[in-house]
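Q: For reference, this is coords_39.csv, and it has CSV, C-alpha atoms (C1' of nucleotides).
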```
chain,number,residue,atom,x,y,z
D,1,MET,CA,0.0,0.0,0.0
D,2,LYS,CA,2.0,3.0,-1.3
D,3,LYS,CA,1.2,6.7,-1.1
D,4,ILE,CA,-0.9,8.0,-4.0
D,5,GLU,CA,0.8,10.9,-5.6
D,6,TYR,CA,0.0,12.0,-9.2
D,7,GLU,CA,-1.2,14.9,-11.1
D,8,CYS,CA,-3.7,13.9,-13.7
D,9,CYS,CA,-4.2,11.7,-16.7
D,10,GLU,CA,-1.3,11.0,-19.0
D,11,ALA,CA,-1.7,12.9,-22.2
D,12,THR,CA,-0.2,16.2,-21.1
D,13,GLU,CA,-0.3,17.8,-24.5
D,14,VAL,CA,-4.0,17.5,-24.8
D,15,HIS,CA,-4.3,19.2,-21.5
D,16,GLU,CA,-2.6,22.3,-22.6
D,17,GLU,CA,-4.7,22.5,-25.6
D,18,LEU,CA,-7.9,22.1,-23.5
D,19,LEU,CA,-6.8,24.6,-20.9
D,20,ALA,CA,-6.1,27.2,-23.6
D,21,LEU,CA,-9.5,26.6,-25.2
D,22,VAL,CA,-11.2,26.9,-21.9
D,23,ARG,CA,-9.4,30.1,-21.0
D,24,GLU,CA,-10.5,31.5,-24.3
D,25,LYS,CA,-14.1,30.5,-24.3
D,26,MET,CA,-15.1,30.6,-20.7
D,27,PRO,CA,-17.0,33.8,-19.8
D,28,GLU,CA,-15.8,36.2,-17.2
D,29,GLU,CA,-16.2,35.3,-13.5
D,30,GLU,CA,-18.9,38.0,-13.2
D,31,ALA,CA,-20.9,36.7,-16.1
D,32,LEU,CA,-20.8,33.2,-14.8
D,33,TYR,CA,-22.0,34.5,-11.4
D,34,ASP,CA,-24.8,36.5,-12.9
D,35,LEU,CA,-25.8,33.6,-15.1
D,36,SER,CA,-26.1,31.2,-12.2
D,37,GLU,CA,-27.9,33.8,-10.2
D,38,LEU,CA,-30.4,34.2,-13.0
D,39,PHE,CA,-31.1,30.5,-13.2
D,40,LYS,CA,-31.4,30.3,-9.5
D,41,VAL,CA,-34.4,32.5,-9.8
D,42,PHE,CA,-36.1,30.0,-12.1
D,43,GLY,CA,-35.1,27.2,-9.7
D,44,ASP,CA,-38.1,27.5,-7.4
D,45,SER,CA,-41.6,26.3,-8.3
D,46,THR,CA,-43.3,29.2,-6.5
D,47,ARG,CA,-41.5,31.7,-8.8
D,48,ILE,CA,-42.2,29.5,-11.8
D,49,ARG,CA,-45.9,29.5,-10.9
D,50,ILE,CA,-45.9,33.2,-10.5
D,51,LEU,CA,-44.4,33.6,-14.0
D,52,PHE,CA,-47.0,31.3,-15.5
D,53,VAL,CA,-49.7,33.5,-14.1
D,54,LEU,CA,-48.0,36.6,-15.5
D,55,PHE,CA,-47.8,34.9,-18.9
D,56,GLU,CA,-51.6,35.3,-19.0
D,57,ALA,CA,-52.2,38.7,-17.5
D,58,GLU,CA,-51.0,41.7,-15.5
D,59,VAL,CA,-51.9,40.8,-11.9
D,60,CYS,CA,-51.9,42.5,-8.5
D,61,VAL,CA,-50.1,40.9,-5.6
D,62,CYS,CA,-53.4,40.1,-3.9
D,63,ASP,CA,-54.7,38.2,-6.9
D,64,LEU,CA,-51.5,36.4,-7.3
D,65,ALA,CA,-51.6,35.2,-3.7
D,66,ALA,CA,-55.2,34.1,-4.2
D,67,ALA,CA,-54.5,32.4,-7.6
D,68,LEU,CA,-51.6,30.4,-6.1
D,69,GLY,CA,-53.1,29.8,-2.7
D,70,MET,CA,-50.2,31.5,-0.9
D,71,THR,CA,-49.6,34.1,1.7
D,72,GLN,CA,-49.4,37.7,0.5
D,73,SER,CA,-46.0,37.9,2.3
D,74,ALA,CA,-44.5,34.9,0.6
D,75,VAL,CA,-45.6,36.1,-2.8
D,76,SER,CA,-44.3,39.6,-2.1
D,77,HIS,CA,-40.9,38.2,-1.1
D,78,GLN,CA,-40.7,36.2,-4.4
D,79,LEU,CA,-41.8,39.1,-6.5
D,80,ARG,CA,-39.0,41.2,-5.1
D,81,ILE,CA,-36.5,38.5,-6.3
D,82,LEU,CA,-38.1,38.4,-9.7
D,83,LYS,CA,-38.0,42.1,-10.0
D,84,GLN,CA,-34.4,42.4,-8.8
D,85,ASN,CA,-33.5,40.1,-11.7
D,86,LYS,CA,-35.5,42.1,-14.1
D,87,LEU,CA,-37.9,39.3,-14.9
D,88,VAL,CA,-41.0,41.3,-13.9
D,89,LYS,CA,-41.9,44.9,-13.6
D,90,SER,CA,-44.5,46.7,-11.4
D,91,ARG,CA,-46.9,49.5,-11.7
D,92,ARG,CA,-48.9,51.2,-9.0
D,93,GLU,CA,-52.6,51.8,-9.4
D,94,GLY,CA,-54.2,53.2,-6.3
D,95,LYS,CA,-53.6,50.9,-3.4
D,96,SER,CA,-52.7,48.0,-5.6
D,97,ILE,CA,-49.5,47.2,-7.4
D,98,PHE,CA,-49.7,45.3,-10.6
D,99,TYR,CA,-46.9,43.0,-11.9
D,100,SER,CA,-46.2,41.9,-15.4
D,101,LEU,CA,-43.4,40.2,-17.4
D,102,ALA,CA,-40.4,42.5,-18.1
D,103,ASP,CA,-38.9,40.5,-20.9
D,104,GLY,CA,-39.5,38.0,-23.7
D,105,HIS,CA,-36.5,35.9,-22.7
D,106,VAL,CA,-38.5,34.6,-19.7
D,107,ARG,CA,-40.9,32.8,-21.9
D,108,THR,CA,-38.2,31.4,-24.1
D,109,ILE,CA,-36.1,30.1,-21.2
D,110,ILE,CA,-39.1,28.4,-19.6
D,111,ASP,CA,-40.3,26.9,-22.9
D,112,GLN,CA,-36.8,25.5,-23.5
D,113,GLY,CA,-36.9,24.0,-20.1
D,114,LEU,CA,-40.3,22.5,-20.7
D,115,GLU,CA,-39.1,21.0,-24.0
D,116,HIS,CA,-36.2,19.4,-22.2
D,117,ILE,CA,-38.2,17.7,-19.5
D,118,GLU,CA,-40.9,16.6,-21.9
D,119,GLU,CA,-38.4,14.4,-23.8
D,120,GLU,CA,-39.1,11.2,-22.0
X,1,MET,CA,-57.2,50.5,16.2
X,2,LYS,CA,-59.5,47.7,15.0
X,3,LYS,CA,-58.8,44.2,13.9
X,4,ILE,CA,-57.8,43.7,10.3
X,5,GLU,CA,-60.1,41.3,8.6
X,6,TYR,CA,-60.6,41.1,4.8
X,7,GLU,CA,-60.2,38.7,1.9
X,8,CYS,CA,-58.7,40.4,-1.1
X,9,CYS,CA,-59.2,43.2,-3.6
X,10,GLU,CA,-62.7,44.3,-4.6
X,11,ALA,CA,-63.4,43.2,-8.1
X,12,THR,CA,-64.6,39.7,-7.4
X,13,GLU,CA,-65.6,39.1,-11.0
X,14,VAL,CA,-62.2,39.6,-12.5
X,15,HIS,CA,-60.9,37.1,-9.9
X,16,GLU,CA,-63.0,34.3,-11.1
X,17,GLU,CA,-61.9,35.0,-14.6
X,18,LEU,CA,-58.3,35.0,-13.6
X,19,LEU,CA,-58.5,31.8,-11.5
X,20,ALA,CA,-60.2,30.0,-14.4
X,21,LEU,CA,-57.5,31.1,-16.8
X,22,VAL,CA,-54.7,30.0,-14.3
X,23,ARG,CA,-56.3,26.6,-13.7
X,24,GLU,CA,-56.4,26.1,-17.5
X,25,LYS,CA,-52.9,27.3,-18.4
X,26,MET,CA,-50.9,26.3,-15.3
X,27,PRO,CA,-48.9,23.1,-15.9
X,28,GLU,CA,-49.3,20.0,-13.7
X,29,GLU,CA,-47.8,20.0,-10.3
X,30,GLU,CA,-45.2,17.5,-11.4
X,31,ALA,CA,-44.2,19.5,-14.4
X,32,LEU,CA,-43.7,22.6,-12.3
X,33,TYR,CA,-41.6,20.6,-9.9
X,34,ASP,CA,-39.5,19.1,-12.7
X,35,LEU,CA,-39.0,22.4,-14.3
X,36,SER,CA,-37.8,24.1,-11.2
X,37,GLU,CA,-35.5,21.1,-10.5
X,38,LEU,CA,-34.0,21.5,-14.0
X,39,PHE,CA,-33.3,25.2,-13.5
X,40,LYS,CA,-31.8,24.5,-10.1
X,41,VAL,CA,-29.2,22.6,-11.9
X,42,PHE,CA,-28.2,25.7,-13.9
X,43,GLY,CA,-28.3,27.8,-10.8
X,44,ASP,CA,-24.8,27.0,-9.7
X,45,SER,CA,-21.7,28.6,-11.2
X,46,THR,CA,-19.6,25.4,-10.8
X,47,ARG,CA,-22.1,23.4,-13.0
X,48,ILE,CA,-22.3,26.3,-15.5
X,49,ARG,CA,-18.5,26.3,-15.8
X,50,ILE,CA,-18.5,22.5,-16.3
X,51,LEU,CA,-21.1,23.0,-19.1
X,52,PHE,CA,-19.0,25.6,-20.8
X,53,VAL,CA,-16.0,23.3,-20.8
X,54,LEU,CA,-18.2,20.6,-22.3
X,55,PHE,CA,-19.4,23.0,-25.0
X,56,GLU,CA,-15.9,22.8,-26.4
X,57,ALA,CA,-15.0,19.1,-26.0
X,58,GLU,CA,-15.6,15.7,-24.5
X,59,VAL,CA,-13.5,15.7,-21.3
X,60,CYS,CA,-12.6,13.3,-18.6
X,61,VAL,CA,-13.2,14.1,-14.9
X,62,CYS,CA,-9.6,14.5,-14.2
X,63,ASP,CA,-9.2,17.2,-16.9
X,64,LEU,CA,-12.3,18.9,-15.9
X,65,ALA,CA,-11.0,19.2,-12.4
X,66,ALA,CA,-7.7,20.6,-13.7
X,67,ALA,CA,-9.3,23.0,-16.1
X,68,LEU,CA,-11.6,24.4,-13.4
X,69,GLY,CA,-9.1,24.3,-10.6
X,70,MET,CA,-11.3,22.1,-8.5
X,71,THR,CA,-11.2,18.9,-6.5
X,72,GLN,CA,-11.9,15.7,-8.4
X,73,SER,CA,-14.5,14.9,-5.7
X,74,ALA,CA,-16.3,18.2,-6.1
X,75,VAL,CA,-16.5,17.9,-9.9
X,76,SER,CA,-17.7,14.3,-9.6
X,77,HIS,CA,-20.5,15.3,-7.3
X,78,GLN,CA,-21.7,18.0,-9.7
X,79,LEU,CA,-21.3,15.7,-12.7
X,80,ARG,CA,-23.7,13.3,-11.0
X,81,ILE,CA,-26.3,16.0,-10.7
X,82,LEU,CA,-25.8,17.0,-14.3
X,83,LYS,CA,-26.2,13.4,-15.4
X,84,GLN,CA,-29.3,12.7,-13.3
X,85,ASN,CA,-30.9,15.6,-15.1
X,86,LYS,CA,-29.8,14.3,-18.5
X,87,LEU,CA,-27.7,17.4,-19.3
X,88,VAL,CA,-24.6,15.3,-19.8
X,89,LYS,CA,-23.8,11.8,-20.7
X,90,SER,CA,-20.7,9.7,-19.9
X,91,ARG,CA,-18.6,7.0,-21.6
X,92,ARG,CA,-15.9,4.9,-20.1
X,93,GLU,CA,-12.5,4.5,-21.8
X,94,GLY,CA,-10.1,2.5,-19.8
X,95,LYS,CA,-9.7,4.0,-16.4
X,96,SER,CA,-11.1,7.3,-17.5
X,97,ILE,CA,-14.7,8.4,-17.9
X,98,PHE,CA,-15.4,11.0,-20.5
X,99,TYR,CA,-18.3,13.4,-20.2
X,100,SER,CA,-20.1,15.3,-23.0
X,101,LEU,CA,-23.3,17.3,-23.5
X,102,ALA,CA,-26.4,15.2,-23.8
X,103,ASP,CA,-28.7,17.7,-25.4
X,104,GLY,CA,-29.0,20.7,-27.6
X,105,HIS,CA,-31.4,22.5,-25.2
X,106,VAL,CA,-28.5,23.0,-22.8
X,107,ARG,CA,-26.8,25.4,-25.1
X,108,THR,CA,-30.1,27.2,-26.0
X,109,ILE,CA,-31.0,27.7,-22.4
X,110,ILE,CA,-27.6,29.1,-21.4
X,111,ASP,CA,-27.6,31.4,-24.5
X,112,GLN,CA,-31.0,32.8,-23.6
X,113,GLY,CA,-29.7,33.4,-20.1
X,114,LEU,CA,-26.6,35.2,-21.4
X,115,GLU,CA,-28.8,37.3,-23.7
X,116,HIS,CA,-30.9,38.3,-20.7
X,117,ILE,CA,-28.0,39.4,-18.5
X,118,GLU,CA,-26.2,41.2,-21.3
X,119,GLU,CA,-29.1,43.6,-21.8
X,120,GLU,CA,-27.8,46.6,-19.8
C,1,DT,C1',-56.9,62.8,10.3
C,2,DT,C1',-58.0,58.3,11.7
C,3,DT,C1',-59.1,53.8,9.8
C,4,DT,C1',-58.8,50.5,6.3
C,5,DC,C1',-56.7,48.3,2.6
C,6,DA,C1',-52.6,46.7,-0.3
C,7,DT,C1',-48.0,45.7,-0.3
C,8,DA,C1',-43.2,45.5,1.5
C,9,DT,C1',-39.8,44.0,4.7
C,10,DG,C1',-36.8,42.4,8.8
C,11,DA,C1',-35.9,38.5,11.8
C,12,DA,C1',-36.2,33.7,12.7
C,13,DC,C1',-36.7,28.9,11.7
C,14,DG,C1',-36.3,24.7,9.0
C,15,DA,C1',-34.9,22.8,4.8
C,16,DT,C1',-31.8,22.3,1.1
C,17,DT,C1',-27.2,22.3,-0.9
C,18,DA,C1',-22.0,22.7,-2.3
C,19,DT,C1',-17.7,21.4,-0.7
C,20,DT,C1',-14.4,18.7,1.9
C,21,DC,C1',-12.6,14.5,3.7
C,22,DA,C1',-12.2,9.7,3.9
C,23,DT,C1',-13.0,5.8,1.6
C,24,DA,C1',-15.2,2.5,-1.8
C,25,DT,C1',-15.5,0.8,-6.6
C,26,DG,C1',-13.6,-0.6,-10.8
C,27,DT,C1',-9.8,-0.7,-14.3
C,28,DT,C1',-5.2,-1.3,-15.8
C,29,DT,C1',-0.4,-2.4,-15.2
C,30,DA,C1',3.6,-4.6,-13.2
M,1,DT,C1',-2.7,-10.9,-7.8
M,2,DA,C1',-1.1,-6.7,-5.7
M,3,DA,C1',-0.3,-1.9,-6.5
M,4,DA,C1',-1.5,2.3,-8.9
M,5,DC,C1',-4.8,5.0,-11.1
M,6,DA,C1',-9.5,7.3,-12.2
M,7,DT,C1',-13.8,8.0,-10.5
M,8,DA,C1',-17.8,7.7,-7.3
M,9,DT,C1',-20.0,8.3,-3.0
M,10,DG,C1',-21.4,8.7,2.1
M,11,DA,C1',-21.1,11.7,6.1
M,12,DA,C1',-20.3,16.2,8.0
M,13,DT,C1',-20.2,21.0,7.9
M,14,DA,C1',-21.1,25.7,6.5
M,15,DA,C1',-23.8,28.5,3.8
M,16,DT,C1',-27.9,29.7,1.3
M,17,DC,C1',-32.9,30.0,0.8
M,18,DG,C1',-38.2,29.9,1.2
M,19,DT,C1',-41.7,30.6,4.3
M,20,DT,C1',-43.9,32.5,8.4
M,21,DC,C1',-44.9,36.0,11.7
M,22,DA,C1',-45.0,40.6,13.1
M,23,DT,C1',-44.8,45.0,11.6
M,24,DA,C1',-43.8,49.0,8.6
M,25,DT,C1',-45.0,51.9,4.6
M,26,DG,C1',-48.1,54.2,1.7
M,27,DA,C1',-52.5,55.1,-0.5
M,28,DA,C1',-57.5,55.7,-0.2
M,29,DA,C1',-61.8,56.3,2.2
M,30,DA,C1',-64.6,57.7,6.0
```
Can you dump the structure from the file as structure tokens?
A:
Amino acid sequence: MKKIEYECCEATEVHEELLALVREKMPEEEALYDLSELFKVFGDSTRIRILFVLFEAEVCVCDLAAALGMTQSAVSHQLRILKQNKLVKSRREGKSIFYSLADGHVRTIIDQGLEHIEEE
Amino acid sequence: MKKIEYECCEATEVHEELLALVREKMPEEEALYDLSELFKVFGDSTRIRILFVLFEAEVCVCDLAAALGMTQSAVSHQLRILKQNKLVKSRREGKSIFYSLADGHVRTIIDQGLEHIEEE
DNA sequence: TTTTCATATGAACGATTATTCATATGTTTA
DNA sequence: TAAACATATGAATAATCGTTCATATGAAAA
């Protein structure tokens, strides 16, 4: 039983080639962070459900909570996250605040996700 | 200072209309769950970085770890998650196991995300 | 100008998750 | 077959996150 001490696979030439390619094509640290933060927003079924409601209409917080069977507070917290990430926008009308989609990408991203999970 | 006790906004007719629309258009509970699970996978910068490497080539675990400056163990754990969600596939060749993209949707979803964050 | 209504938000709690460490599995080579 | 190599995985820990509760803000109505 000897000590294990090695670096990596054998073909060291291929490594350099790969490392160079990765360095060239990999987005900046900040873009990678922003990208994962964006997808994190889609990674919660409550927020997905909110988006599906907003696909149909501009809706106030109160109605969103009723439509989803959730607390006003919980919905409000999630709307804040959606807004921070520019996926929804809001508009005040009297006492109510109406939310709607901010962007066409939202629908495209969700549709691609649906396509993926529908494949068997 | 009285007790607060009310249901929702006033226009009860609009509510019914909205609730009916939501019931019709909202995907099944299971689809919503699967969808959020899928996006959760994209919601981590380590996994995003792995995917960007795999955009360029079929790579073994060892090289992935080297290219990303990460532990073999950490990479392996994340590859398992990517594979469970059918975003990557693997192939054994001798002692090494090579990973590659499983699907064209992966690139589309990431590109849409990039487009979104690049807008201002 | 109080009261009511609609929404936002801070703190707290429980649940989930990414990494690390140690070790197991499986393949090749000596 | 025993040692080395490549990868996988279970347990533990720290960090992140969604919901709830209580309360704050801000607008409208009485």
Q: Matching each Cα of chain D to the same-order Cα of chain X and superposing by least squares, what RMSD do you find?
A: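 Chain X versus chain D: RMSD of 0.1 Å.
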Q: Take atom CA of X:Asp44 and atom CA of D:Glu29 and report the distance between them in Å, one decimal.
A: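 Value for the atom CA of X:Asp44-atom CA of D:Glu29 distance: 12.5 Å.
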Q: Mind giving me the straight-line distance from atom CA of X:Tyr33 to atom CA of D:Ile48 in Å, one decimal?
A: 9.1 Å
Q: May I have a table of the residues of chain D lying at most 10 Å from chain C, giving each one's closest pair of atoms and their distance in Å to one decimal, counting only C-alpha atoms (C1' of nucleotides), ordered by chain and ascending residue number, as CSV?
A:
```
residue,atom,partner,partner_atom,distance
D:Cys60,CA,C:DA6,C1',9.2
D:Val61,CA,C:DT7,C1',7.5
D:Cys62,CA,C:DA6,C1',7.6
D:Gln72,CA,C:DT7,C1',8.2
D:Ser73,CA,C:DA8,C1',8.1
D:Ser76,CA,C:DA8,C1',7.0
D:His77,CA,C:DA8,C1',8.1
D:Arg80,CA,C:DA8,C1',8.9
D:Gly94,CA,C:DA6,C1',9.0
D:Lys95,CA,C:DA6,C1',5.3
D:Ser96,CA,C:DA6,C1',5.5
D:Ile97,CA,C:DT7,C1',7.4
```
Q: Taking C-alpha atoms for each residue, export the selection above as a PDB file, keeping the file's coordinate frame.
A:
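And here is the file that came out, selection-v9.pdb:
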```pdb
ATOM      1  CA  CYS D  60     -51.900  42.500  -8.500  1.00  0.00           C
ATOM      2  CA  VAL D  61     -50.100  40.900  -5.600  1.00  0.00           C
ATOM      3  CA  CYS D  62     -53.400  40.100  -3.900  1.00  0.00           C
ATOM      4  CA  GLN D  72     -49.400  37.700   0.500  1.00  0.00           C
ATOM      5  CA  SER D  73     -46.000  37.900   2.300  1.00  0.00           C
ATOM      6  CA  SER D  76     -44.300  39.600  -2.100  1.00  0.00           C
ATOM      7  CA  HIS D  77     -40.900  38.200  -1.100  1.00  0.00           C
ATOM      8  CA  ARG D  80     -39.000  41.200  -5.100  1.00  0.00           C
ATOM      9  CA  GLY D  94     -54.200  53.200  -6.300  1.00  0.00           C
ATOM     10  CA  LYS D  95     -53.600  50.900  -3.400  1.00  0.00           C
ATOM     11  CA  SER D  96     -52.700  48.000  -5.600  1.00  0.00           C
ATOM     12  CA  ILE D  97     -49.500  47.200  -7.400  1.00  0.00           C
TER      13      ILE D  97
END
```
Q: Taking only C-alpha atoms into account, which of X:Ala102, X:Leu114, X:Ile109, X:Ala67 comes nearest D:Ala20?
A: X:Ala67
Q: Which value, in Å to one decimal, gives the distance between atom CA of X:Leu82 and atom CA of X:Arg47?
A: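 These two atoms are separated by 7.5 Å.
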Q: Using all atoms listed in the file, which residues sit within 10 Å of D:Gly104 once same-chain residues fewer than 6 positions away are excluded, as a ChimeraX atom specification?
A: /D:87 /X:112,116
Q: Would you mind listing what lies within 12 Å of D:Lys40 as JSON, numbers by chain, with all atoms listed in the file counted and same-chain residues fewer than 4 positions away left out?
A: {"D": [33, 34, 35, 36, 44, 45, 47, 48, 81, 82, 85], "X": [35, 36, 37, 38, 39, 40, 41, 42, 43, 44, 45, 48, 113], "M": [16, 17]}
Q: Return the single residue from D:Glu93, D:Ile110, D:Leu51, D:His105 that is closest to chain M, with distances computed using all atoms listed in the file.
A: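 Closest to chain M, using all atoms listed in the file: D:Glu93.
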Q: Would you list the residues near (-48.2, 48.0, -14.1), meaning any protein, DNA or RNA residue with an atom at most 10 Å from that point in file coordinates, counting all atoms listed in the file, as a PyMOL selection string?
A: chain D and resi 58-60+88-93+96-101
Q: With C-alpha atoms retained, write the just-selected residues as a tab-separated table (two decimals), in the frame of the given file.
A:
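Generated output (selection01.tsv):
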```tsv
chain	number	residue	atom	x	y	z
D	58	GLU	CA	-51.00	41.70	-15.50
D	59	VAL	CA	-51.90	40.80	-11.90
D	60	CYS	CA	-51.90	42.50	-8.50
D	88	VAL	CA	-41.00	41.30	-13.90
D	89	LYS	CA	-41.90	44.90	-13.60
D	90	SER	CA	-44.50	46.70	-11.40
D	91	ARG	CA	-46.90	49.50	-11.70
D	92	ARG	CA	-48.90	51.20	-9.00
D	93	GLU	CA	-52.60	51.80	-9.40
D	96	SER	CA	-52.70	48.00	-5.60
D	97	ILE	CA	-49.50	47.20	-7.40
D	98	PHE	CA	-49.70	45.30	-10.60
D	99	TYR	CA	-46.90	43.00	-11.90
D	100	SER	CA	-46.20	41.90	-15.40
D	101	LEU	CA	-43.40	40.20	-17.40
```
Q: Where does chain M meet chain D within 8 Å, residue by residue, with the nearest atom pair and distance in Å to one decimal for each, counting only C-alpha atoms (C1' of nucleotides), listed by chain and rising number, as a tab-separated table?
A:
```
residue	atom	partner	partner_atom	distance
M:DA3	C1'	D:Met1	CA	6.8
M:DA4	C1'	D:Ile4	CA	7.5
M:DT19	C1'	D:Ala74	CA	6.3
M:DA27	C1'	D:Lys95	CA	5.2
M:DA28	C1'	D:Lys95	CA	7.0
```
